[in-house]
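Next up, protein-v4.cif (mmCIF, C-alpha atoms):
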data_target
#
loop_
_atom_site.label_atom_id
_atom_site.label_comp_id
_atom_site.auth_asym_id
_atom_site.auth_seq_id
_atom_site.Cartn_x
_atom_site.Cartn_y
_atom_site.Cartn_z
CA GLY A 70 0.00 0.00 0.00
CA VAL A 71 0.96 3.62 -0.52
CA ASP A 72 0.21 6.21 2.15
CA ALA A 73 -1.07 8.84 -0.26
CA VAL A 74 -4.18 10.27 -1.86
CA TYR A 75 -4.56 11.18 -5.55
CA VAL A 76 -7.27 13.72 -6.39
CA ALA A 77 -8.30 15.92 -9.31
CA LEU A 78 -7.77 19.67 -8.88
CA GLU A 79 -9.08 22.30 -11.29
CA ILE A 80 -6.71 25.27 -11.62
CA PRO A 81 -7.42 28.23 -13.94
CA LYS A 82 -5.00 28.78 -16.81
CA GLY A 83 -2.00 30.87 -15.83
CA ARG A 84 -2.46 30.34 -12.08
CA LEU A 85 -0.42 27.19 -11.50
CA GLU A 86 2.43 29.10 -9.83
CA GLU A 87 -0.03 30.86 -7.52
CA PHE A 88 -1.55 27.50 -6.60
CA LEU A 89 1.80 25.82 -5.92
CA GLU A 90 2.83 28.66 -3.62
CA SER A 91 -0.47 28.73 -1.73
CA THR A 92 -0.41 27.73 1.93
CA MET A 93 -3.86 26.15 1.70
CA LEU A 94 -2.76 23.13 -0.33
CA GLY A 95 -0.10 23.74 -2.95
CA ASN A 96 2.91 23.68 -0.65
CA LYS A 97 1.70 20.44 0.94
CA LEU A 98 1.70 18.40 -2.29
CA SER A 99 4.46 15.92 -3.09
CA GLY A 100 3.65 15.54 -6.76
CA LEU A 101 1.29 16.51 -9.56
CA SER A 102 0.06 15.09 -12.84
CA VAL A 103 -0.17 18.14 -15.09
CA THR A 104 -2.58 18.41 -18.00
CA ILE A 105 -3.88 20.98 -20.49
CA PRO A 106 -3.38 23.96 -20.30
CA HIS A 107 -0.57 23.96 -17.72
CA LYS A 108 2.23 21.88 -19.27
CA GLU A 109 4.43 24.71 -20.50
CA GLU A 110 3.94 26.69 -17.28
CA ALA A 111 4.81 23.62 -15.20
CA LEU A 112 8.15 23.37 -16.97
CA SER A 113 8.87 27.07 -16.39
CA LEU A 114 8.28 26.66 -12.64
CA ALA A 115 10.66 23.72 -12.15
CA ASN A 116 14.00 23.94 -10.37
CA VAL A 117 15.20 20.59 -11.76
CA VAL A 118 14.27 19.40 -15.25
CA HIS A 119 14.67 16.02 -16.93
CA HIS A 120 16.66 16.41 -20.14
CA VAL A 121 13.86 14.91 -22.28
CA CYS A 122 11.40 17.33 -20.73
CA ALA A 123 13.73 20.21 -21.63
CA SER A 124 13.86 18.99 -25.24
CA ILE A 125 10.08 18.68 -25.48
CA GLY A 126 9.42 22.07 -23.90
CA ALA A 127 6.55 20.89 -21.71
CA ALA A 128 6.09 18.92 -18.47
CA ASN A 129 3.26 16.64 -17.43
CA THR A 130 4.80 15.52 -14.14
CA LEU A 131 6.01 17.51 -11.13
CA VAL A 132 7.65 15.84 -8.13
CA ARG A 133 8.84 17.72 -5.05
CA VAL A 134 12.58 17.27 -4.40
CA ASP A 135 15.06 19.02 -2.09
CA GLU A 136 15.78 21.68 -4.74
CA GLY A 137 12.09 22.45 -5.31
CA TRP A 138 10.03 20.98 -8.17
CA TYR A 139 11.40 18.31 -10.52
CA ALA A 140 9.74 18.34 -13.95
CA SER A 141 9.58 15.41 -16.35
CA ASN A 142 7.45 14.26 -19.26
CA THR A 143 5.87 10.83 -19.65
CA ASP A 144 3.47 11.80 -22.45
CA TRP A 145 5.87 10.96 -25.27
CA VAL A 146 6.28 7.37 -24.07
CA GLY A 147 2.53 7.02 -23.74
CA VAL A 148 1.98 8.18 -27.33
CA VAL A 149 4.57 6.01 -29.05
CA ASP A 150 3.90 2.92 -26.94
CA SER A 151 0.16 3.06 -27.63
CA VAL A 152 0.77 3.41 -31.37
CA ASP A 153 3.25 0.53 -31.46
CA ALA A 154 0.89 -1.64 -29.40
CA SER A 155 -1.88 -1.10 -31.96
CA VAL A 156 0.04 -2.76 -34.79
CA ASP A 157 2.02 -5.95 -35.19
CA VAL A 158 5.54 -4.63 -34.72
CA ALA A 159 7.85 -7.58 -34.22
CA SER A 160 11.25 -5.93 -33.97
CA SER A 161 10.93 -2.23 -34.72
CA SER A 162 8.54 0.68 -34.28
CA ALA A 163 5.60 1.73 -36.45
CA PHE A 164 7.35 5.09 -36.60
CA GLY A 165 10.53 3.73 -38.16
CA GLY A 166 11.05 5.39 -41.56
CA ALA A 167 7.47 6.70 -41.54
CA THR A 168 5.89 10.05 -42.31
CA VAL A 169 4.14 11.21 -39.15
CA ASP A 170 1.47 13.92 -39.18
CA VAL A 171 0.77 15.62 -35.84
CA LEU A 172 -2.42 17.59 -35.22
CA GLY A 173 -1.95 20.35 -32.65
CA ALA A 174 0.93 22.46 -31.39
CA GLY A 175 0.60 22.38 -27.61
CA GLY A 176 2.43 20.40 -24.94
CA ALA A 177 1.06 17.02 -26.06
CA ALA A 178 2.03 17.78 -29.66
CA LYS A 179 5.59 18.57 -28.59
CA ALA A 180 5.76 15.22 -26.80
CA ALA A 181 4.35 13.42 -29.84
CA VAL A 182 6.90 15.01 -32.18
CA TYR A 183 9.75 14.11 -29.83
CA GLY A 184 8.51 10.52 -29.50
CA ALA A 185 8.12 10.08 -33.25
CA LEU A 186 11.67 11.27 -33.81
CA GLU A 187 13.01 9.03 -31.05
CA ARG A 188 11.34 6.02 -32.67
CA GLY A 189 12.90 6.78 -36.07
CA ALA A 190 10.35 8.77 -38.08
CA GLN A 191 11.63 9.90 -41.45
CA LYS A 192 9.50 13.05 -41.50
CA VAL A 193 7.21 14.77 -38.98
CA ARG A 194 4.69 17.36 -40.15
CA VAL A 195 2.88 19.64 -37.69
CA PHE A 196 -0.64 20.84 -38.50
CA ASN A 197 -2.38 23.51 -36.44
CA ARG A 198 -5.25 25.93 -37.02
CA THR A 199 -2.94 28.77 -35.99
CA VAL A 200 -0.03 28.23 -38.35
CA SER A 201 2.30 30.47 -36.33
CA ARG A 202 2.07 28.07 -33.39
CA ALA A 203 3.06 25.16 -35.63
CA GLU A 204 5.98 27.24 -36.88
CA GLU A 205 7.04 27.94 -33.29
CA LEU A 206 6.99 24.23 -32.44
CA VAL A 207 9.07 23.36 -35.52
CA ALA A 208 11.58 26.08 -34.65
CA MET A 209 11.82 24.83 -31.05
CA ILE A 210 12.48 21.19 -32.02
CA LYS A 211 15.43 22.13 -34.26
CA ASP A 212 15.42 18.95 -36.36
CA ASP A 213 15.50 18.92 -40.17
CA ARG A 214 12.96 16.09 -40.21
CA VAL A 215 10.26 18.34 -38.71
CA GLU A 216 8.26 20.79 -40.81
CA VAL A 217 4.96 22.65 -40.86
CA GLY A 218 2.26 20.59 -42.58
CA ILE A 219 0.46 21.97 -45.61
CA THR A 220 -2.12 19.43 -46.83
CA LEU A 221 -3.20 16.62 -44.53
CA GLY A 222 -2.85 13.20 -46.13
CA ASP A 223 -0.66 14.26 -49.04
CA ASP A 224 2.33 11.94 -49.40
CA ALA A 225 1.52 10.27 -46.06
CA ASN A 226 2.57 6.97 -47.63
CA GLY A 227 0.89 4.73 -45.07
CA GLY A 228 2.34 6.66 -42.19
CA VAL A 229 1.05 7.64 -38.74
CA LEU A 230 -1.51 10.30 -37.81
CA LEU A 231 -1.39 11.63 -34.24
CA ASN A 232 -4.19 13.82 -32.91
CA THR A 233 -3.04 15.71 -29.82
CA THR A 234 -5.91 18.23 -29.75
CA SER A 235 -9.02 18.00 -27.57
CA VAL A 236 -11.40 18.01 -30.55
CA GLY A 237 -13.95 15.23 -30.08
CA MET A 238 -13.84 15.20 -26.29
CA VAL A 239 -17.03 15.10 -24.23
CA PRO A 240 -19.42 16.83 -24.71
CA ASP A 241 -18.63 17.49 -28.39
CA THR A 242 -18.27 13.81 -29.24
CA GLU A 243 -19.31 14.00 -32.89
CA ALA A 244 -16.56 16.49 -33.76
CA SER A 245 -13.36 15.32 -35.43
CA PRO A 246 -10.07 17.15 -36.01
CA VAL A 247 -10.09 15.56 -39.48
CA THR A 248 -13.15 17.03 -41.18
CA ASP A 249 -12.44 15.26 -44.48
CA SER A 250 -12.31 11.56 -43.62
CA SER A 251 -11.33 10.69 -47.21
CA VAL A 252 -7.70 11.42 -46.26
CA LEU A 253 -7.60 8.71 -43.59
CA PRO A 254 -6.80 5.74 -45.88
CA SER A 255 -3.44 7.47 -46.45
CA TYR A 256 -2.41 6.35 -42.95
CA ARG A 257 -1.48 2.99 -41.49
CA VAL A 258 -2.15 4.04 -37.90
CA VAL A 259 -4.34 6.77 -36.40
CA PHE A 260 -3.91 7.80 -32.77
CA ASP A 261 -6.31 10.04 -30.83
CA ALA A 262 -5.19 11.52 -27.51
CA VAL A 263 -8.84 12.07 -26.51
CA TYR A 264 -9.93 9.36 -24.04
CA THR A 265 -13.45 10.54 -23.14
CA PRO A 266 -15.00 8.93 -25.09
CA ARG A 267 -12.62 6.08 -25.89
CA ASP A 268 -14.20 5.48 -29.30
CA THR A 269 -13.98 8.98 -30.77
CA ARG A 270 -15.41 10.17 -34.07
CA LEU A 271 -11.89 10.25 -35.48
CA LEU A 272 -11.18 6.64 -34.48
CA LYS A 273 -14.54 5.46 -35.84
CA ASP A 274 -13.75 7.10 -39.17
CA ALA A 275 -10.20 5.69 -39.12
CA ALA A 276 -11.43 2.16 -38.44
CA ALA A 277 -13.91 2.47 -41.31
CA ALA A 278 -10.99 3.54 -43.52
CA GLY A 279 -9.06 0.39 -42.62
CA CYS A 280 -6.51 2.03 -40.31
CA SER A 281 -5.13 0.53 -37.12
CA CYS A 282 -6.40 2.63 -34.21
CA ALA A 283 -4.60 3.66 -31.02
CA GLU A 284 -6.86 4.94 -28.24
CA GLY A 285 -6.09 7.87 -25.99
CA VAL A 286 -6.86 5.70 -22.97
CA ASP A 287 -3.81 3.55 -23.79
CA MET A 288 -1.60 6.63 -23.78
CA PHE A 289 -3.27 7.82 -20.58
CA VAL A 290 -2.54 4.56 -18.80
CA SER A 291 1.06 4.21 -20.05
CA GLN A 292 2.05 7.74 -19.05
CA ALA A 293 0.24 7.43 -15.72
CA VAL A 294 2.15 4.27 -14.83
CA LEU A 295 5.44 6.11 -15.34
CA GLN A 296 4.15 8.94 -13.16
CA TYR A 297 3.22 6.42 -10.47
CA LEU A 298 6.78 5.08 -10.49
CA LYS A 299 8.10 8.60 -9.89
CA PHE A 300 5.53 9.50 -7.23
CA THR A 301 6.16 6.33 -5.22
CA GLY A 302 9.94 6.15 -5.48
CA LYS A 303 10.23 3.29 -7.94
CA VAL A 304 12.21 5.84 -9.93
CA ASP A 305 14.50 7.52 -7.41
CA VAL A 306 14.06 11.23 -8.16
CA GLY A 307 16.39 11.97 -5.28
CA ALA A 308 19.31 10.39 -7.17
CA LEU A 309 19.53 12.48 -10.33
CA THR A 310 22.63 13.01 -12.46
CA THR A 311 23.15 16.63 -13.45
CA LEU A 312 24.01 16.99 -17.13
CA ARG A 313 24.27 20.78 -17.19
CA GLU A 314 22.86 23.95 -15.65
CA GLN A 315 20.78 26.27 -17.79
CA ASN A 316 19.55 29.66 -16.56
CA GLY A 317 19.83 28.51 -12.97
CA VAL A 318 17.90 25.26 -13.61
CA GLN A 319 19.49 21.81 -13.31
CA ILE A 320 19.06 19.68 -16.44
CA VAL A 321 19.26 16.06 -15.30
CA GLU A 322 18.76 12.42 -16.16
CA GLU A 323 17.27 9.91 -13.76
CA LEU A 324 18.16 6.38 -12.77
CA GLU A 325 16.38 3.44 -14.36
CA PRO A 326 13.27 2.23 -12.50
CA ALA A 327 13.77 -0.26 -9.70
CA GLY A 328 13.91 -3.95 -10.56
CA ASP A 329 10.23 -4.57 -9.86
CA ALA A 330 9.08 -1.73 -12.14
CA LYS A 331 7.74 -4.12 -14.79
CA VAL A 332 5.58 -5.91 -12.22
CA VAL A 333 4.29 -2.58 -10.97
CA THR A 334 3.60 -1.46 -14.54
CA ASP A 335 1.44 -4.48 -15.35
CA ALA A 336 -0.44 -4.23 -12.07
CA MET A 337 -0.99 -0.51 -12.43
CA LYS A 338 -2.22 -0.79 -16.02
CA ALA A 339 -4.80 -3.36 -14.95
CA ALA A 340 -5.87 -1.25 -11.98
CA LEU A 341 -6.14 1.96 -13.99
CA LEU A 342 -8.06 0.33 -16.83
CA SER A 343 -10.55 -1.14 -14.38
CA THR A 344 -11.50 2.38 -13.24
CA LEU A 345 -12.22 3.75 -16.73
#

Turn the structure described in the file into structure tokens.
Amino acid sequence: GVDAVYVALEIPKGRLEEFLESTMLGNKLSGLSVTIPHKEEALSLANVVHHVCASIGAANTLVRVDEGWYASNTDWVGVVDSVDASVDVASSSAFGGATVDVLGAGGAAKAAVYGALERGAQKVRVFNRTVSRAEELVAMIKDDRVEVGITLGDDANGGVLLNTTSVGMVPDTEASPVTDSSVLPSYRVVFDAVYTPRDTRLLKDAAAAGCSCAEGVDMFVSQAVLQYLKFTGKVDVGALTTLREQNGVQIVEELEPAGDAKVVTDAMKAALLSTL
């Protein structure tokens, strides 16, 4: 058993720092799972930052350490693992050599782009309603394989489509970020980060188009398991190796999870799925 309680807290956009410094609750917390729209702000408030988190430019996990708040990102693992689990990948990743189209330009999109590159994508294209935000993400990543998308589906070549926006989430469940479903057969795999509902309009359309589908709930569970390992000490966030210091912030890497991490992962996935 773990002597802890995990609860949902609603914090207005732009007020995360105020909350963390509040004497009512914020300064009594030992860790937080951070979601939209606070991921970039969470990173900016950290005293210690995991090097992957620094590369992504967004944090979804905060853990209190001696130096203050330690920021890391488990979203990218959740995205790529859920995609790979949706297809029969014997020895490599579905991303290997693929064209990957990412919808959105927020914190989850940054994680998705990073994950796609880590798993060997040949090209990553970022699509966003506000083109300037897509351009900012591409400029931040600083990788020649990443570019701003122009026409969804063009030259996708059986690649991967990753939706990181909230379009299609309850209550607007009939909405889809892909308004023209005729482009979907261009993709081998379609992933939707939305997990309420699990079977989104986008995934229904993708299944009808013959695509393999990766649900947002799979990403949710995978990233949550990694957060659990950090919150409960299975990953020792007190034993971090400093790689460099940047503007007064430690950029670090962490030790591998403890030996029983795989057992915990399987148990946690089952437990989390049973609550959804």

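Here CA of Gly189 in chain A is placed at a distance of 10.3 Å from CA of Val169 in chain A.
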
Quiz item: Got a sec to resolve the PyMOL selection byres ((chain A and resi 233) around 6) on this structure and send the residues as number ranges by chain?
Solution: A: 172-173, 177-178, 232, 234, 262

Quiz item: Could you pull the residues within 9 Å of Gly83 in chain A, counting only C-alpha atoms, minus those fewer than 4 positions along the same chain, as a PyMOL selection string?
Solution: chain A and resi 87+106-107+110

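The gap separating CA of Asp224 in chain A from CA of Ala276 in chain A is 20.1 Å, in Å to one decimal.
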
Exercise. To one decimal in Å, tell me the separation between CA of Gly237 in chain A and CA of Ile105 in chain A.
Key: 15.0 Å

Per-residue nearest contacts range 126-177 of chain A to range 317-322 of chain A, cut-off 12 Å, using only C-alpha atoms, as a Markdown table:
| residue | atom | partner | partner_atom | distance |
| --- | --- | --- | --- | --- |
| A:Glu136 | CA | A:Gln319 | CA | 9.3 |
| A:Gly137 | CA | A:Val318 | CA | 10.5 |
| A:Trp138 | CA | A:Val318 | CA | 10.5 |
| A:Tyr139 | CA | A:Gln319 | CA | 9.2 |
| A:Ala140 | CA | A:Ile320 | CA | 9.7 |
| A:Ser141 | CA | A:Glu322 | CA | 9.7 |
| A:Asn142 | CA | A:Glu322 | CA | 11.9 |

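Minimum atom-to-atom distances from A:Ala278, A:Met93, A:Leu271, A:Ala190 to Val247 in chain A were compared using all atoms listed in the file, and the lowest value belongs to A:Leu271.
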
Practice problem: Can you work out which one of A:Ser235, A:Glu86, A:Gly176, A:Ser99 has the shortest atom-to-atom distance to Val74 in chain A, counting only C-alpha atoms? | Solution: A:Ser99

Quiz prompt | Sphere at (10.0, 8.5, -21.8), radius 12 Å, counting all atoms listed in the file: residues as number ranges by chain | solution = A: 119-122, 124-125, 128-130, 141-150, 180-181, 183-185, 187-188, 288, 291-296, 322-323, 325-326

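Using only C-alpha atoms, the shortest contact distance between Ser250 in chain A and any of A:Arg267, A:Gly227, A:Leu221, A:Val182 is found at A:Leu221.
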
Quiz item: Do you know which residues are at most 8 Å from Leu85 in chain A counting only C-alpha atoms, after dropping those on the same chain fewer than 3 positions away, and could you put them as number ranges by chain?
Solution: A: 80-82, 88-89, 107, 110-111

Quiz prompt | Residues within 6 Å of Asp287 in chain A, all atoms listed in the file, excluding chain neighbours under 3 positions, as a ChimeraX atom specification | solution = /A:151,284,290

Quiz item: Taking only C-alpha atoms into account, which of A:Thr248, A:Ile219, A:Gly166, A:Leu186 comes nearest Val200 in chain A?
Solution: A:Ile219

Since fewer atoms than expected are present, regenerate N, CA, C and O atoms for range 106-120 of chain A and write them as a compact mmCIF listing (two decimals), in the frame of the given file.
# COMPACT_ATOMS: atom_id res chain seq x y z
N PRO A 106 -4.31 23.21 -19.47
CA PRO A 106 -3.38 23.96 -20.30
C PRO A 106 -2.09 24.36 -19.57
O PRO A 106 -1.54 25.43 -19.81
N HIS A 107 -1.63 23.54 -18.64
CA HIS A 107 -0.57 23.96 -17.72
C HIS A 107 0.82 23.39 -18.01
O HIS A 107 1.75 23.62 -17.24
N LYS A 108 0.99 22.62 -19.09
CA LYS A 108 2.23 21.88 -19.27
C LYS A 108 3.45 22.75 -19.51
O LYS A 108 4.55 22.46 -19.00
N GLU A 109 3.30 23.82 -20.28
CA GLU A 109 4.43 24.71 -20.50
C GLU A 109 4.76 25.50 -19.23
O GLU A 109 5.92 25.69 -18.88
N GLU A 110 3.72 25.94 -18.52
CA GLU A 110 3.94 26.69 -17.28
C GLU A 110 4.60 25.80 -16.23
O GLU A 110 5.48 26.26 -15.49
N ALA A 111 4.21 24.54 -16.17
CA ALA A 111 4.81 23.62 -15.20
C ALA A 111 6.31 23.51 -15.42
O ALA A 111 7.10 23.50 -14.47
N LEU A 112 6.72 23.44 -16.67
CA LEU A 112 8.15 23.37 -16.97
C LEU A 112 8.86 24.64 -16.52
O LEU A 112 9.96 24.59 -15.95
N SER A 113 8.23 25.79 -16.74
CA SER A 113 8.87 27.07 -16.39
C SER A 113 9.03 27.25 -14.89
O SER A 113 9.86 28.04 -14.44
N LEU A 114 8.24 26.51 -14.09
CA LEU A 114 8.28 26.66 -12.64
C LEU A 114 9.25 25.69 -11.96
O LEU A 114 9.48 25.78 -10.76
N ALA A 115 9.82 24.77 -12.73
CA ALA A 115 10.66 23.72 -12.15
C ALA A 115 12.06 24.21 -11.82
O ALA A 115 12.61 25.06 -12.52
N ASN A 116 12.61 23.66 -10.76
CA ASN A 116 14.00 23.94 -10.37
C ASN A 116 14.95 22.90 -10.94
O ASN A 116 16.13 23.17 -11.13
N VAL A 117 14.42 21.70 -11.18
CA VAL A 117 15.20 20.59 -11.76
C VAL A 117 14.36 20.02 -12.90
O VAL A 117 13.16 19.78 -12.73
N VAL A 118 15.01 19.80 -14.05
CA VAL A 118 14.27 19.40 -15.25
C VAL A 118 14.94 18.20 -15.90
O VAL A 118 16.15 18.21 -16.15
N HIS A 119 14.15 17.16 -16.19
CA HIS A 119 14.67 16.02 -16.93
C HIS A 119 15.05 16.46 -18.33
O HIS A 119 14.36 17.27 -18.95
N HIS A 120 16.14 15.92 -18.86
CA HIS A 120 16.66 16.41 -20.14
C HIS A 120 15.67 16.19 -21.29
O HIS A 120 15.59 17.02 -22.22
